[in-house]
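Structure first, then comments.
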Amino acid sequence: MDKIRIHVFHTGEVCVAPDLPFGGDDSNAIKASGIFGKKEDRLWLPVSSYLIEHPQGKFLVDTGWARDMSPEGVLDKKAQIKSLGSLLLYKVNQGRIGLGQCIDEQLSQIGIEDSDIDGVLLTHLDCDHANGLKQVRNAKKFMVSADEVKFANKLTNKVRYYKGWWKDIELTQFDWNDSEGPVKKSYDLLGDGSIELINIPGHCDGLFAVKVKNNDGKFVLLFSDGGYARKSWEEMITSGIAADKELQKQSLAWIRQQSMDSNCIESLANHDPNIKPHIIEL
């Protein structure tokens with residue numbers, strides 16, 4: 001196999017209450033929302049997307065924010081409420097994305113258009129991961145786990161998810177076809193184990209990590225919102241948004257085990273403030 005390259009992009013920032021990423025086992029949705037918290041305590045965290053350049057194609061992991069969230073490259077309350085489809089979601093997480101930082105803008109800077117993308121891999125359907133789908137609407141395929149679509153369609157989750165983010169985009173739902181990970185559910189994307197989508201439930205039902213592996217067994221783990229930073233797995237800090245706290249802890253323990261494996265080149269959370277944009281070669 002030829003070399004695999006992974007581009008780590010920051011596609012804007014999100015502003016959240018500290019309890020949302022690092023609330024721990026005693027947190028809850030109210031604390032995580034920050035609605036009753038102090039504005040000055042909020043954290044600005046990066047929103048990441050990843051491009052995997054593989055011998056068998058180009059695969060984008062998550063999409064970050066859409067340009068209509070931040071038309072002028074700065075925080076824009078009115079535009080964000082419209083883009084998110086919800087005043088409540090705006091109150092929970094404000095976003096901003098500088099000019100040139102949208103995923104399509106950054107891809108274009110390295111000579112890649114959205115039509116060049118063979119697959120967009122949506123780790124889950126939260127706003128800061130799926131809101132930017134419209135920026136890459138010409139990609140060949142958009143993949144999300146069937147478990148995540150089912151979870152998003154639950155009546156109790158109507159506030160968390162807004163179907164307008166993927167309006168006019170056909171989502172290809174997949175069922176798990178392999179048995180890696182904390183709950184033995186994964187999807188071997190290419191049939192050779194080089195890109196494995198691994199179910200890490202807890203934050204939401206259909207959340208998956210992306211494990212990219214070369215012929216020597218060396219791998220990179222992109223664990224999305226299975227934890228919000230390196231310190232999440234180092235200190236076993238669960239987040240404040242959890243569909244199932246016990247499953248979240250089980251998934252985080254698996255992330256910790258994988259991250260400490262001698263074959264792990266890098267292990268990346270989507271919102272880690274200590275991670276800078278860079279390129280990884282496998």
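Convention: chains lettered A, B, ... in structure tokens order; per-chain residue numbering from 1; ligands numbered from 1 as shown.
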Do you know which residues are at most 12 Å from Ile110 (chain A) counting only C-alpha atoms, after dropping those on the same chain fewer than 5 positions away, and could you put them as a PyMOL selection string? chain A and resi 7+9+51+103-105+116
Sorted per-residue table, region 214-258 of chain A near region 267-275 of chain A, closest atoms and distance, 8 Å, only C-alpha atoms, as a tab-separated table:
```
residue	atom	partner	partner_atom	distance
A:Val220	CA	A:Ser267	CA	5.9
A:Leu221	CA	A:Ser267	CA	4.7
A:Leu222	CA	A:Leu268	CA	5.0
A:Phe223	CA	A:Ala269	CA	5.4
A:Ser224	CA	A:Asn270	CA	4.7
A:Asp225	CA	A:Asn270	CA	6.2
A:Gly226	CA	A:Ala269	CA	7.5
A:Gly227	CA	A:Ala269	CA	6.2
A:Tyr228	CA	A:His271	CA	5.4
A:Ala229	CA	A:Asp272	CA	4.3
A:Arg230	CA	A:Ala269	CA	6.8
```
List the spatial neighbours of region 119-130 of chain A as number ranges by chain - criterion: any atom at most 9 Å away, only C-alpha atoms, same-chain residues fewer than 4 positions off excluded. A: 13-14, 47-49, 57-66, 84, 89, 93, 95, 134, 136, 139-145, 148-149, 152, 160-162, 165-166, 197, 204-210, 223-225
Residue neighbourhood region 215-217 of chain A, 10 Å, only C-alpha atoms, exclusion window fewer than 6 positions, as a PyMOL selection string: chain A and resi 1-3+192-194+263-264+282
Could you give me the residues within region 86-237 of chain A that DSSP places in strand (DSSP E or B), as number ranges by chain? A: 94-96, 119-121, 142-145, 172-174, 178, 186-188, 195-199, 208-213, 219-222
Atom pair CA of Gly240 (chain A) / CA of Pro46 (chain A): separation (Å): 17.6 Å
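Distances to Pro55 (chain A) were evaluated for A:Asp168, A:Glu72, A:Asp118, A:Asp26 using only C-alpha atoms, and the minimum falls at A:Asp118.
Going from CA of Val8 (chain A) over to CA of Ile200 (chain A), you cover 20.7 Å.
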Shortest contact to Pro21 (chain A), candidates A:Tyr50, A:Leu87, A:Pro71, A:Ser232, atoms counted only C-alpha atoms, goes to A:Ser232
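Going from CA of Asn153 (chain A) over to CA of Lys167 (chain A), you cover 14.6 Å.
The smallest atom-to-atom distance between Asp19 (chain A) and any of A:Leu247, A:Leu107, A:Leu252, A:Ala242, using only C-alpha atoms, is found for A:Ala242.
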Among the residues of region 12-129 of chain A, find those DSSP assigns to helix (DSSP H, G or I) from the backbone and print them as number ranges by chain. A: 19-22, 29-33, 39-41, 67-69, 77-84, 87-92, 103-109, 114-116, 127-129
